[in-house]
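Structure file input_16.csv (CSV, C-alpha atoms) is printed below.
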```csv
chain,number,residue,atom,x,y,z
B,1,MET,CA,0.0,0.0,0.0
B,2,TYR,CA,2.7,2.4,1.0
B,3,GLY,CA,4.9,1.4,-1.9
B,4,LEU,CA,2.0,2.1,-4.3
B,5,ILE,CA,1.3,5.5,-2.8
B,6,ALA,CA,5.0,6.4,-2.8
B,7,ILE,CA,5.2,5.7,-6.5
B,8,LEU,CA,2.0,7.6,-7.1
B,9,SER,CA,3.3,10.7,-5.3
B,10,ALA,CA,6.7,10.4,-7.0
B,11,TRP,CA,5.0,10.4,-10.4
B,12,ALA,CA,2.2,12.8,-9.7
B,13,ILE,CA,4.1,16.0,-10.3
B,14,PRO,CA,6.1,15.0,-13.3
B,15,ALA,CA,3.0,13.5,-14.9
B,16,LEU,CA,1.1,16.6,-14.2
B,17,ILE,CA,3.6,19.0,-15.6
B,18,ALA,CA,3.9,16.9,-18.8
B,19,PHE,CA,0.2,16.4,-19.2
B,20,ILE,CA,-1.1,20.0,-18.6
B,21,PRO,CA,1.0,21.7,-21.3
B,22,LEU,CA,0.6,18.8,-23.7
B,23,TYR,CA,-3.2,18.9,-23.5
B,24,ALA,CA,-3.2,22.7,-23.7
B,25,ALA,CA,-0.9,22.6,-26.8
B,26,TYR,CA,-3.3,20.1,-28.4
B,27,ARG,CA,-6.1,22.7,-27.7
B,28,LYS,CA,-3.9,25.3,-29.6
B,29,VAL,CA,-3.0,27.3,-26.5
B,30,PRO,CA,0.3,29.3,-26.7
B,31,VAL,CA,1.6,27.3,-23.6
B,32,TYR,CA,4.7,29.3,-22.8
B,33,GLU,CA,2.9,32.7,-23.0
B,34,SER,CA,0.2,31.2,-20.8
B,35,PHE,CA,2.7,30.0,-18.3
B,36,VAL,CA,4.5,33.4,-18.1
B,37,SER,CA,1.3,35.3,-17.5
B,38,GLY,CA,0.2,33.0,-14.8
B,39,ALA,CA,3.7,32.9,-13.3
B,40,LYS,CA,3.7,36.7,-13.1
B,41,ASP,CA,0.6,36.4,-10.9
B,42,GLY,CA,2.4,33.9,-8.7
B,43,PHE,CA,5.2,36.3,-8.2
B,44,ASP,CA,2.9,39.2,-7.3
B,45,THR,CA,1.1,37.0,-4.8
B,46,ALA,CA,4.3,36.0,-3.1
B,47,ILE,CA,5.3,39.6,-2.7
B,48,ARG,CA,1.8,40.5,-1.3
B,49,ILE,CA,2.3,37.9,1.5
B,50,ILE,CA,5.5,39.5,2.8
B,51,PRO,CA,3.9,42.0,5.2
B,52,HIS,CA,1.6,39.4,6.6
B,53,LEU,CA,4.3,36.9,7.2
B,54,VAL,CA,6.8,39.4,8.6
B,55,GLY,CA,4.2,40.5,11.1
B,56,MET,CA,3.3,37.0,12.2
B,57,MET,CA,6.8,35.7,12.3
B,58,VAL,CA,8.0,38.6,14.5
B,59,ALA,CA,5.2,38.0,17.0
B,60,ILE,CA,6.0,34.3,17.1
B,61,SER,CA,9.7,34.7,17.5
B,62,VAL,CA,9.2,37.3,20.3
B,63,PHE,CA,6.9,34.9,22.0
B,64,ARG,CA,9.5,32.1,21.8
B,65,ALA,CA,12.6,34.1,22.7
B,66,SER,CA,11.1,35.7,25.7
B,67,GLY,CA,10.4,32.4,27.4
B,68,ALA,CA,6.7,33.0,27.2
B,69,MET,CA,6.2,29.8,25.2
B,70,ASP,CA,8.0,27.7,27.7
B,71,GLY,CA,6.1,29.4,30.5
B,72,ILE,CA,2.7,28.7,29.0
B,73,ILE,CA,3.6,25.1,28.1
B,74,GLY,CA,4.6,24.7,31.7
B,75,LEU,CA,1.1,26.0,32.7
B,76,ILE,CA,-0.8,23.6,30.4
B,77,ARG,CA,1.3,20.6,31.0
B,78,PRO,CA,-0.4,19.6,34.3
B,79,ALA,CA,-3.8,20.0,32.8
B,80,LEU,CA,-2.9,17.7,29.9
B,81,GLU,CA,-1.3,15.2,32.2
B,82,ALA,CA,-4.4,15.1,34.3
B,83,VAL,CA,-6.4,13.7,31.3
B,84,GLY,CA,-3.7,11.1,30.6
B,85,ILE,CA,-1.6,12.8,28.0
B,86,PRO,CA,2.1,12.0,28.3
B,87,SER,CA,3.8,15.2,29.5
B,88,GLU,CA,6.5,14.8,26.9
B,89,VAL,CA,4.1,15.4,24.0
B,90,ALA,CA,2.1,18.0,25.8
B,91,PRO,CA,4.1,21.0,24.4
B,92,LEU,CA,3.2,19.9,20.9
B,93,ALA,CA,-0.4,20.7,21.5
B,94,PHE,CA,0.7,24.3,21.8
B,95,LEU,CA,3.6,24.4,19.4
B,96,ARG,CA,2.0,22.8,16.4
B,97,PRO,CA,-0.5,25.5,15.4
B,98,ILE,CA,2.1,28.2,16.0
B,99,THR,CA,5.3,27.0,14.4
B,100,GLY,CA,5.9,24.2,11.8
B,101,SER,CA,9.7,24.2,12.0
B,102,GLY,CA,9.5,24.5,15.8
B,103,SER,CA,7.2,21.6,16.3
B,104,LEU,CA,9.1,19.4,13.8
B,105,ALA,CA,12.3,20.2,15.7
B,106,TYR,CA,10.6,19.3,19.0
B,107,THR,CA,9.3,16.0,17.4
B,108,ALA,CA,12.8,15.1,16.2
B,109,ASP,CA,14.1,15.9,19.7
B,110,LEU,CA,11.6,13.6,21.2
B,111,MET,CA,12.6,10.8,18.9
B,112,LYS,CA,16.3,11.4,19.7
B,113,THR,CA,15.6,11.1,23.4
B,114,HIS,CA,13.0,8.4,23.6
B,115,GLY,CA,13.6,6.6,20.3
B,116,ALA,CA,11.6,6.8,17.1
B,117,ASP,CA,9.7,3.6,17.9
B,118,SER,CA,8.7,4.6,21.4
B,119,LEU,CA,5.1,5.4,22.1
B,120,ILE,CA,6.1,9.1,22.6
B,121,GLY,CA,7.9,9.2,19.3
B,122,ARG,CA,5.0,7.7,17.5
B,123,ILE,CA,2.4,10.0,19.1
B,124,ALA,CA,4.6,13.0,18.2
B,125,SER,CA,4.9,11.7,14.6
B,126,THR,CA,1.2,11.2,14.3
B,127,ILE,CA,0.5,14.7,15.6
B,128,GLN,CA,3.0,16.1,13.2
B,129,GLY,CA,1.3,14.4,10.2
B,130,SER,CA,-2.3,14.9,11.1
B,131,THR,CA,-2.4,18.6,12.0
B,132,ASP,CA,-1.0,21.7,10.4
B,133,THR,CA,0.5,25.1,11.3
B,134,THR,CA,-2.8,26.8,11.5
B,135,LEU,CA,-1.4,30.3,12.1
B,136,TYR,CA,0.9,30.0,9.1
B,137,VAL,CA,-1.8,28.6,6.8
B,138,LEU,CA,-4.1,31.4,7.8
B,139,THR,CA,-1.5,34.1,7.3
B,140,VAL,CA,-0.5,32.8,3.9
B,141,TYR,CA,-4.0,32.1,2.5
B,142,PHE,CA,-5.7,35.2,3.8
B,143,GLY,CA,-2.7,37.4,3.3
B,144,ALA,CA,-2.6,36.5,-0.4
B,145,VAL,CA,-6.0,37.9,-1.0
B,146,GLY,CA,-5.8,40.7,1.5
B,147,ILE,CA,-8.4,39.5,4.0
B,148,ARG,CA,-8.2,41.4,7.3
B,149,ASN,CA,-11.2,39.9,9.1
B,150,ALA,CA,-10.8,36.1,9.3
B,151,ARG,CA,-14.1,35.8,11.1
B,152,TYR,CA,-14.4,32.3,12.8
B,153,ALA,CA,-11.6,30.7,10.6
B,154,LEU,CA,-9.0,30.7,13.3
B,155,LYS,CA,-11.3,29.3,16.0
B,156,VAL,CA,-12.2,26.4,13.7
B,157,GLY,CA,-8.5,25.8,12.9
B,158,LEU,CA,-7.3,25.8,16.4
B,159,LEU,CA,-10.1,23.7,17.8
B,160,SER,CA,-9.6,21.1,15.1
B,161,ASP,CA,-5.9,21.1,15.9
B,162,LEU,CA,-6.8,20.3,19.4
B,163,VAL,CA,-9.1,17.5,18.3
B,164,GLY,CA,-6.4,16.2,16.0
B,165,PHE,CA,-3.9,16.2,18.9
B,166,LEU,CA,-6.3,14.3,21.2
B,167,ALA,CA,-7.2,11.9,18.4
B,168,ALA,CA,-3.5,11.2,17.8
B,169,VAL,CA,-2.8,10.5,21.4
B,170,ALA,CA,-5.9,8.2,21.7
B,171,VAL,CA,-5.3,6.3,18.4
B,172,CYS,CA,-1.6,5.7,19.2
B,173,SER,CA,-2.3,4.6,22.7
B,174,VAL,CA,-4.8,2.0,21.3
B,175,VAL,CA,-2.7,0.9,18.3
B,176,PHE,CA,0.8,0.7,19.7
Y,1,MET,CA,-9.5,36.9,16.6
Y,2,VAL,CA,-6.2,37.0,14.6
Y,3,ASN,CA,-5.7,40.5,16.0
Y,4,TRP,CA,-6.0,39.2,19.5
Y,5,VAL,CA,-3.7,36.3,19.0
Y,6,TRP,CA,-1.1,38.6,17.5
Y,7,LEU,CA,-1.4,41.1,20.3
Y,8,PHE,CA,-1.3,38.2,22.8
Y,9,LEU,CA,1.9,36.8,21.3
Y,10,ILE,CA,3.7,40.1,21.4
Y,11,LEU,CA,2.5,41.4,24.8
Y,12,SER,CA,2.9,38.1,26.6
Y,13,GLY,CA,6.4,37.9,25.0
Y,14,ILE,CA,7.4,41.3,26.4
Y,15,VAL,CA,5.9,40.6,29.8
Y,16,PHE,CA,7.7,37.3,30.1
Y,17,ALA,CA,10.9,38.8,28.8
Y,18,ALA,CA,10.7,41.4,31.6
Y,19,ILE,CA,10.2,38.7,34.2
Y,20,ASN,CA,13.0,36.5,32.7
Y,21,GLY,CA,15.3,39.4,32.0
Y,22,ARG,CA,15.5,38.6,28.4
Y,23,MET,CA,14.8,42.0,26.8
Y,24,ASP,CA,17.9,41.7,24.6
Y,25,ASP,CA,16.7,38.4,23.3
Y,26,VAL,CA,13.4,39.9,22.4
Y,27,THR,CA,15.0,42.8,20.5
Y,28,GLN,CA,17.0,40.3,18.5
Y,29,ALA,CA,14.0,38.1,18.0
Y,30,VAL,CA,12.1,41.0,16.4
Y,31,PHE,CA,14.7,41.2,13.6
Y,32,GLU,CA,15.2,37.5,13.4
Y,33,GLY,CA,11.4,37.0,13.0
Y,34,ALA,CA,11.2,39.7,10.4
Y,35,LYS,CA,13.9,38.0,8.5
Y,36,THR,CA,12.2,34.7,8.7
Y,37,GLY,CA,9.0,36.2,7.4
Y,38,VAL,CA,10.9,37.6,4.3
Y,39,THR,CA,12.8,34.3,3.8
Y,40,VAL,CA,9.7,32.3,3.9
Y,41,SER,CA,7.9,34.6,1.5
Y,42,PHE,CA,10.9,34.5,-0.9
Y,43,GLY,CA,10.8,30.7,-0.6
Y,44,LEU,CA,7.2,30.9,-1.7
Y,45,ILE,CA,8.1,33.0,-4.8
Y,46,SER,CA,9.6,30.0,-6.6
Y,47,VAL,CA,6.7,27.6,-6.0
Y,48,LEU,CA,4.0,30.2,-6.5
Y,49,THR,CA,5.5,31.5,-9.7
Y,50,PHE,CA,5.9,28.0,-11.1
Y,51,TRP,CA,2.6,26.5,-10.1
Y,52,LEU,CA,0.5,29.5,-10.9
Y,53,GLY,CA,2.1,29.5,-14.3
Y,54,MET,CA,1.2,25.8,-14.7
Y,55,MET,CA,-2.3,26.4,-13.5
Y,56,ARG,CA,-2.8,29.2,-16.0
Y,57,ILE,CA,-1.9,26.7,-18.8
Y,58,ALA,CA,-4.5,24.3,-17.3
Y,59,GLU,CA,-7.0,27.1,-17.2
Y,60,ASP,CA,-6.4,28.3,-20.8
Y,61,GLY,CA,-6.3,24.8,-22.1
Y,62,GLY,CA,-9.7,24.0,-20.6
Y,63,LEU,CA,-8.5,21.3,-18.2
Y,64,LEU,CA,-9.7,23.2,-15.2
Y,65,ARG,CA,-13.2,23.4,-16.7
Y,66,ILE,CA,-13.2,19.7,-17.2
Y,67,LEU,CA,-12.1,19.1,-13.6
Y,68,THR,CA,-14.7,21.6,-12.3
Y,69,ARG,CA,-17.5,19.9,-14.3
Y,70,ALA,CA,-16.4,16.5,-13.1
Y,71,ILE,CA,-16.4,17.5,-9.5
Y,72,GLY,CA,-18.1,15.2,-7.1
Y,73,PRO,CA,-21.1,16.2,-5.1
Y,74,VAL,CA,-18.9,16.3,-2.0
Y,75,VAL,CA,-17.0,19.4,-2.9
Y,76,ARG,CA,-20.1,21.2,-4.1
Y,77,ARG,CA,-21.9,20.4,-0.9
Y,78,LEU,CA,-18.9,21.7,1.1
Y,79,PHE,CA,-19.1,25.0,-0.8
Y,80,PRO,CA,-22.8,25.7,-1.3
Y,81,SER,CA,-22.2,29.4,-2.0
Y,82,VAL,CA,-20.0,28.8,-5.0
Y,83,PRO,CA,-22.0,28.5,-8.2
Y,84,ALA,CA,-21.7,25.2,-10.1
Y,85,GLY,CA,-19.1,25.4,-12.8
Y,86,HIS,CA,-17.2,28.3,-11.2
Y,87,PRO,CA,-13.4,27.9,-11.6
Y,88,ALA,CA,-12.9,28.2,-7.8
Y,89,LEU,CA,-14.2,24.6,-7.5
Y,90,GLY,CA,-11.5,23.3,-9.8
Y,91,TYR,CA,-8.8,25.0,-7.8
Y,92,ILE,CA,-10.3,23.7,-4.5
Y,93,MET,CA,-10.4,20.2,-6.0
Y,94,SER,CA,-6.7,20.5,-7.0
Y,95,ASN,CA,-5.8,21.9,-3.6
Y,96,MET,CA,-7.5,19.0,-1.8
Y,97,SER,CA,-6.0,16.3,-4.1
Y,98,ALA,CA,-2.5,17.8,-3.7
Y,99,ASN,CA,-2.9,17.9,0.1
Y,100,ILE,CA,-4.1,14.3,0.2
Y,101,LEU,CA,-1.1,13.1,-1.9
Y,102,GLY,CA,1.2,15.1,0.4
Y,103,LEU,CA,2.4,17.4,-2.4
Y,104,GLY,CA,2.8,20.3,0.0
Y,105,ASN,CA,4.5,22.7,-2.3
Y,106,ALA,CA,1.9,22.2,-5.0
Y,107,ALA,CA,-1.0,22.4,-2.6
Y,108,THR,CA,-0.3,25.9,-1.3
Y,109,PRO,CA,-0.3,27.6,-4.7
Y,110,MET,CA,-3.5,25.9,-5.7
Y,111,GLY,CA,-5.1,26.8,-2.4
Y,112,ILE,CA,-4.0,30.4,-2.9
Y,113,LYS,CA,-5.5,30.4,-6.4
Y,114,ALA,CA,-8.7,28.9,-5.0
Y,115,MET,CA,-8.8,31.8,-2.4
Y,116,GLN,CA,-8.3,34.3,-5.2
Y,117,GLU,CA,-11.2,32.9,-7.1
Y,118,LEU,CA,-13.3,32.9,-3.9
Y,119,GLN,CA,-12.3,36.5,-3.3
Y,120,LYS,CA,-13.9,37.4,-6.7
Y,121,LEU,CA,-17.2,36.1,-5.3
Y,122,ASN,CA,-16.8,37.7,-1.9
Y,123,PRO,CA,-18.9,40.8,-1.5
Y,124,ASP,CA,-16.8,42.2,1.3
Y,125,LYS,CA,-13.1,42.1,0.2
Y,126,GLU,CA,-11.7,42.6,3.7
Y,127,LYS,CA,-13.8,40.0,5.4
Y,128,ALA,CA,-13.5,36.3,4.8
Y,129,SER,CA,-16.5,34.7,3.2
Y,130,ALA,CA,-18.0,31.5,4.5
Y,131,ALA,CA,-16.5,29.5,1.6
Y,132,MET,CA,-13.1,31.0,2.4
Y,133,CYS,CA,-13.4,29.9,6.0
Y,134,THR,CA,-14.3,26.3,4.8
Y,135,LEU,CA,-11.3,26.2,2.5
Y,136,LEU,CA,-9.1,27.3,5.4
Y,137,ALA,CA,-10.6,24.7,7.7
Y,138,ILE,CA,-9.9,21.9,5.3
Y,139,ASN,CA,-6.3,23.1,4.9
Y,140,THR,CA,-5.5,23.5,8.5
Y,141,ALA,CA,-6.9,20.1,9.3
Y,142,SER,CA,-4.4,18.7,6.8
Y,143,ILE,CA,-5.7,15.5,5.2
Y,144,THR,CA,-2.5,13.7,4.1
Y,145,LEU,CA,-2.2,10.2,2.9
Y,146,ILE,CA,1.6,10.0,3.3
Y,147,PRO,CA,3.2,12.4,5.8
Y,148,THR,CA,6.6,12.4,4.0
Y,149,THR,CA,8.4,14.9,6.3
Y,150,VAL,CA,7.7,12.8,9.4
Y,151,ILE,CA,8.6,9.6,7.7
Y,152,ALA,CA,12.0,11.1,6.7
Y,153,VAL,CA,12.6,12.2,10.3
Y,154,ARG,CA,11.7,8.8,11.6
Y,155,MET,CA,14.1,7.2,9.1
Y,156,ASN,CA,16.8,9.6,10.4
Y,157,PHE,CA,16.3,8.4,13.9
Y,158,GLY,CA,16.4,4.7,13.0
Y,159,ALA,CA,12.8,3.7,13.2
Y,160,ALA,CA,12.4,0.0,12.5
Y,161,ASN,CA,9.5,0.7,10.2
Y,162,PRO,CA,9.3,4.4,9.6
Y,163,THR,CA,6.0,4.2,7.8
Y,164,ASP,CA,4.1,2.5,10.6
Y,165,ILE,CA,2.6,5.8,11.6
Y,166,VAL,CA,0.7,6.2,8.3
Y,167,GLY,CA,-2.3,4.4,9.6
Y,168,THR,CA,-2.6,6.3,12.9
Y,169,THR,CA,-1.9,9.6,11.1
Y,170,LEU,CA,-4.7,8.8,8.7
Y,171,LEU,CA,-7.1,7.9,11.4
Y,172,ALA,CA,-6.3,11.0,13.5
Y,173,THR,CA,-6.5,13.3,10.4
Y,174,ILE,CA,-9.9,11.9,9.4
Y,175,VAL,CA,-11.2,12.7,12.9
Y,176,SER,CA,-9.8,16.2,12.9
Y,177,THR,CA,-10.9,17.0,9.4
Y,178,ALA,CA,-14.4,15.7,10.1
Y,179,PHE,CA,-14.5,17.8,13.2
Y,180,ALA,CA,-13.2,20.9,11.3
Y,181,ILE,CA,-15.9,20.5,8.6
Y,182,LEU,CA,-18.7,20.1,11.2
Y,183,LEU,CA,-17.4,23.0,13.3
Y,184,ASP,CA,-17.1,25.2,10.2
Y,185,ALA,CA,-20.7,24.4,9.2
Y,186,TRP,CA,-21.9,25.1,12.7
Y,187,PHE,CA,-20.1,28.5,12.8
Y,188,ARG,CA,-21.3,29.3,9.4
Y,189,ARG,CA,-24.9,28.8,10.4
Y,190,ARG,CA,-24.5,30.8,13.5
Y,191,HIS,CA,-22.8,33.7,11.7
Y,192,SER,CA,-25.3,33.8,8.9
Y,193,ARG,CA,-28.1,34.1,11.5
Y,194,SER,CA,-26.5,36.9,13.5
Y,195,SER,CA,-25.1,39.0,10.6
Y,196,GLY,CA,-27.3,38.1,7.7
Y,197,ALA,CA,-24.3,37.4,5.5
```
Output the structure of this file as C-alpha cells.
Amino acid sequence: MYGLIAILSAWAIPALIAFIPLYAAYRKVPVYESFVSGAKDGFDTAIRIIPHLVGMMVAISVFRASGAMDGIIGLIRPALEAVGIPSEVAPLAFLRPITGSGSLAYTADLMKTHGADSLIGRIASTIQGSTDTTLYVLTVYFGAVGIRNARYALKVGLLSDLVGFLAAVAVCSVVF
Amino acid sequence: MVNWVWLFLILSGIVFAAINGRMDDVTQAVFEGAKTGVTVSFGLISVLTFWLGMMRIAEDGGLLRILTRAIGPVVRRLFPSVPAGHPALGYIMSNMSANILGLGNAATPMGIKAMQELQKLNPDKEKASAAMCTLLAINTASITLIPTTVIAVRMNFGAANPTDIVGTTLLATIVSTAFAILLDAWFRRRHSRSSGA
C-alpha cells in the first residue's frame, strides 16, 4: 500500500507538468505565454504575502525568545497530564499551530531522546502528520487575497488542531 | 481573533521577557522574526511562480473546466455558496488532491489560487466569506495520505518501520478533518443568522 502511494506521489508532479501543457498545446493554447502570464501572478502573490508573514513571524519569535512559550507550556502541561496525555508530548499541543519548524524540531528531539519507535515518538509523529501550522496557513492564504477579518476561521482551525492532537494520542495509545 | 492572537503573542512575550530578564533576546527576536518572514515569502516565490504558471496553462487549455465539471457532489456540498461550474471549484479540488497526496508545495499555490477565485465572489473584500473559511478549515486540518516529512525524520532516527505511523496519522487526520468540517458548518450557520451574510 505504502509502496504504491509512494510511487504515485513520485509520479504525480512530473506526470502533471507533462500532461497539462501537452493537453493545452493540443487545444492550440500558446503554452509558454500562458505560463508566463500565470507565473507573473504567482510572483505578485508571493510579494503580497510578505507584510503578513513578517508581522506574524515577528510575533511568534518574540513569543519564543522571551520564554513565554515555555512558561505557557509549563502551565498547560499539568492540565494535559491530568487527562492522561504524556507530559513529553504536551508541548506539541501548543507548538503545532504556531510553528511548523519549531514543532518538527521538537518532534525530532523527542525521537532522539525516547527513540523513534517509542510510544512518545509515535504519538509525536502522528500529531505532526495529522495537524497543520494553522497560524501560518491562515497568514499565507488570507494574506494572499488581503483578507483582514478572518471571522471564525482561526477558531475552527485551532479547535480542530486540538481535536487532532487528542485523536493522535488516543489512536496511538490503542494501536501501539 | 487574529488581532487578539497577534497582540497576545507580542504582549505576553514582552511581559515574560521582563520577568525572565530577556529583553535583549526579544529585540533580537524581532529582527530574526522579520527576516524569517521575508525568507519564507521568498521561498514561496519559486513555488508560487511555477505552479500558478502551470495552473494558467491548465485554465487556458480548458483542463480546469473539465475538472470543475467532473467534480463530485462532496466538494459542491462543502461550498454551497460557490455557483456550479465556477473555476474556484476546480482549484479547490486540485488543492485538496495535492494535500491528500502530500504534495505540500503544489497544494499551497492551488489553495491560494482557490482563495483568489473565492475572493472574486466575496462581497466584502476585507472580510473572509463562508466559503473561504471552509477552505481554510480543510487546509488547517491537513488531510494527508503520506506524511513524507515525518517519515523522513523517523528514518533519520532509525525507526524499524518508519511508515508504521501512516495508519494512525490517517485515522487522526480523518477525525480532525471531520471535526473541522462540522465545526465550520456550525459557525457558518451561527454567523449567517447573526449577521445576515
Separating atom CA of Gln128 of chain B from atom CA of Thr107 of chain B, to the nearest tenth of an Å, is a gap of 7.6 Å
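The closest residue to Leu158 of chain B, picked from B:Asp117, B:Glu88, B:Asp132, B:Asp70 and counting all atoms listed in the file, is B:Asp132.
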Leaving out Ser125 of chain B and any residue of its chain fewer than 4 positions from it, which residues lie within 12 Å of it when counting only C-alpha atoms, given as JSON, numbers by chain?
-> {"B": [89, 92, 96, 103, 104, 105, 106, 107, 108, 109, 110, 111, 115, 116, 117, 118, 119, 120, 121, 129, 130, 131, 165, 168, 169, 172], "Y": [146, 147, 148, 149, 150, 151, 152, 153, 154, 155, 157, 159, 162, 163, 164, 165, 166, 167, 168, 169, 170, 172]}
Within 9 Å of Ala17 of chain Y, counting all atoms listed in the file, which residues qualify if same-chain residues fewer than 2 places away don't, as a ChimeraX atom specification?
-> /B:62-63,65-68 /Y:12-15,19-26
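For the residues B:Ala90, B:Leu95, B:Lys40, B:Val31, ranking by smallest atom-to-atom distance to Met69 of chain B using all atoms listed in the file places B:Leu95 first.
Using all atoms listed in the file, the nearest neighbour of Asp161 of chain B within the list Y:Ile71, Y:Ile138, Y:Met93, Y:Ala185 is Y:Ile138.
Here atom CA of Glu126 of chain Y stands at a distance of 23.6 Å from atom CA of Pro97 of chain B.
Picture a line from atom CA of Glu32 of chain Y to atom CA of Val137 of chain B; it runs 20.3 Å.
Counting only C-alpha atoms and comparing B:Ile72, B:Ala39, B:Ala25, B:Ile47, the residue that lies closest to Phe16 of chain Y is B:Ile72.
In terms of minimum interatomic distance to Ile73 of chain B, B:Ala93 ranks closest within B:Ile13, B:Ile49, B:Ala93, B:Leu22, counting all atoms listed in the file.
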Identify, on the basis of only C-alpha atoms, every residue whose closest approach to segment 153-155 of chain B does not exceed 8 Å; exclude the query and any residue fewer than 6 positions from it along the same chain; express the result as number ranges by chain.
-> B: 134-135, 138; Y: 1-2, 133-134, 136-137, 184
